[in-house]
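A short worksheet on the structure shown next.
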Amino acid sequence: MKIVDVTVRVFVHKTQIARDKAGHAHPGKETETRSGLLTVLCDDGTEGYCIYNPEVIRPYVVEKLYKPVLLGQHPFERERLWQELLLRQRGSAEQLTDRALCAVELALWDLAGRKLGLPVHRLIGSYRDKAPAYGSTMVGDDVPGGLSSPEDYARFAEALVGRGYKGIKLHTWMPDGAAAPDPRRDVAACAAVREAVGPGIALMLDAYHWYSRSDALYLGRELQKLGFAWYEEPMDEASMSSYAWLAGNLDIPILGPEVAMGKHMVRAEWAKAGACDIMRTGVFDVGGIMPSLKVAHLAEAFNMDCEIHGSGVGNLTVIGCIKNCVWYERGLLHPFLDYDRVPDYLNAPVDPMDQDGFVPLSQLPGLGADVNLAYINDNLVR
Ligand code: LLH
Ligand code: MG
């Protein structure tokens with residue numbers, strides 16, 4: 001069995017998500033957007049897929065970086081292929097990003113699962129068959145009834161509890177939203193949500209990511225009083241020593257790093273430095289499922305939990321295979337959006353949630369995305 005082609009089919013589909021100038025997602029008018037179906041194809045006809053941003057998996061990346069490593073190789077030699085892609089990443093003039101590394105790694109896993117007729121979490125070794133989800137809100141906005149005030153957050157939190165969520169993470173206001181950032185307004189939103197949902201719901205905060213040490217300390221002390229479960233990325237993660245300082249000054253668990261470059265290696269440094277109490281990884285942050293497992297196992301060896309960043313089949317698969325993680329991050333959510341609506345290019349949602357707030361691990365062969373190939377082929381960008 002060997003890889004004979006790597007392709008990307010770019011297609012259009014409807015979206016109700018708009019991005020602000022800083023790239024944060026908000027609800028918007030229904031419009032069309034583009035996605036790419038990355039496909040790794042083998043000589044026996046087996047295919048593996050990953051749907052992702054077509055700018056990240058653009059032709060240059062496929063032709064000059066993926067194909068020279070993958071063509072002619074056995075698709076099950078994932079660790080070796082990943083390490084060879086890593087060598088190219090060093091010399092790629094930053095064209096092979098961790099996200100592009102992740103996309104092709106996910107496609108290789110999907111291919112293996114489809115070939116063997118197994119969900120990937122079973123192939124790796126399952127730990128669980130479902131995970132509790134926390135509802136992860138979009139960042140704040142200026143739209144009344146949306147996420148424009150502490151009261152809006154409180155009403156939305158009540159609705160999320162009604163939907164079944166046992167945990168909620170607030171993303172509060174970030175520039176270029178009006179009056180953002182403001183740690184006092186963040187505290188008001190967190191207090192309003194705690195008041196609305198009571199003590200039995202786990203609450204977390206992912207605030208503006210560039211607060212000063214003094215603002216981050218003030219905010220953390222207030223979250224402690226409100227009984228929050230963790231405090232995420234209040235400062236620029238490039239300064240690990242700021243996080244070690246913050247963790248040393250607060251009792252609330254600090255979660256990180258999420259965006260700091262350096263995959264599992266930088267996370268080892270954070271664990272050693274005491275810069276976080278709960279480890280963070282996400283498949284698109286560190287280059288795939290394998291490096292995420294390395295991070296989770298590293299954290300386990302430090303008696304630390306490792307919470308997984310973001311939604312989707314790759315992250316769910318990691319959660320399915322590790323013990324030291326509590327939650328699945330479901331979102332991003334907003335009162336004006338129906339998160340349960342199935343995208344045009346899928347036949348079923350990747351993370352359906354029951355009324356008790358649990359998301360099942362997929363039992364489909366592969367990563368668990370039920371890709372609607374007919375839709376994609378009918379809506380190609382030529
Ligand atoms: O900045 C944002 O819009 C969010 O923080 C987003 O990146 C989200 O993925 C996140 O950080 N979740 O934990
Ligand atoms: Mg985050």
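Each chain in the structure tokens gets a letter, A, B, ..., in the order shown, and its residues are numbered from 1; ligands are numbered from 1 in order too.
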
Residues of chain A at most 7 Å from ligand 2: nearest atom pair and distance in Å, only C-alpha atoms and all ligand atoms, as a Markdown table:
| residue | atom | partner | partner_atom_place_in_ligand_line | distance |
| --- | --- | --- | --- | --- |
| A:Asp206 | CA | ligand 2 | 1 (Mg) | 5.6 |
| A:Glu232 | CA | ligand 2 | 1 (Mg) | 6.3 |
| A:Glu233 | CA | ligand 2 | 1 (Mg) | 6.5 |
| A:Glu258 | CA | ligand 2 | 1 (Mg) | 6.3 |
| A:His309 | CA | ligand 2 | 1 (Mg) | 6.5 |

request  = Name the residues in contact with Leu361 in chain A at a cut-off of 12 Å, using only C-alpha atoms, excluding same-chain residues fewer than 6 positions from it; report them as a VMD selection string.
outcome  = chain A and resid 119 to 122 126 to 133 312 to 321 328 349 to 353 367 to 369

inquiry  = What residues of the protein or nucleic acid chains come within 10 Å of ligand 1 when you use only C-alpha atoms and all ligand atoms? Reply as a count of residues only.
reply    = 40

Å distance separating CA of Val359 in chain A from CA of Cys325 in chain A, one decimal place = 14.0 Å

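Here the question is which of A:Ala157, A:Val143, A:Leu255, A:Ala93 gets nearest to Gly220 in chain A using only C-alpha atoms, and that residue is A:Leu255.
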
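Proximity ranking of A:Ala216, A:Leu101, A:Leu226, A:Leu380 relative to Gly198 in chain A places A:Leu226 first, based on only C-alpha atoms.
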
Which residue of A:Leu223, A:Leu123, A:Tyr165, A:Leu246 approaches Gly200 in chain A most closely, using only C-alpha atoms = A:Tyr165

request  = Can you check which residues of range 162-196 of chain A DSSP gives as strand (DSSP E or B) on the backbone and send them as an NGL selection string?
outcome  = :A and (167-171)
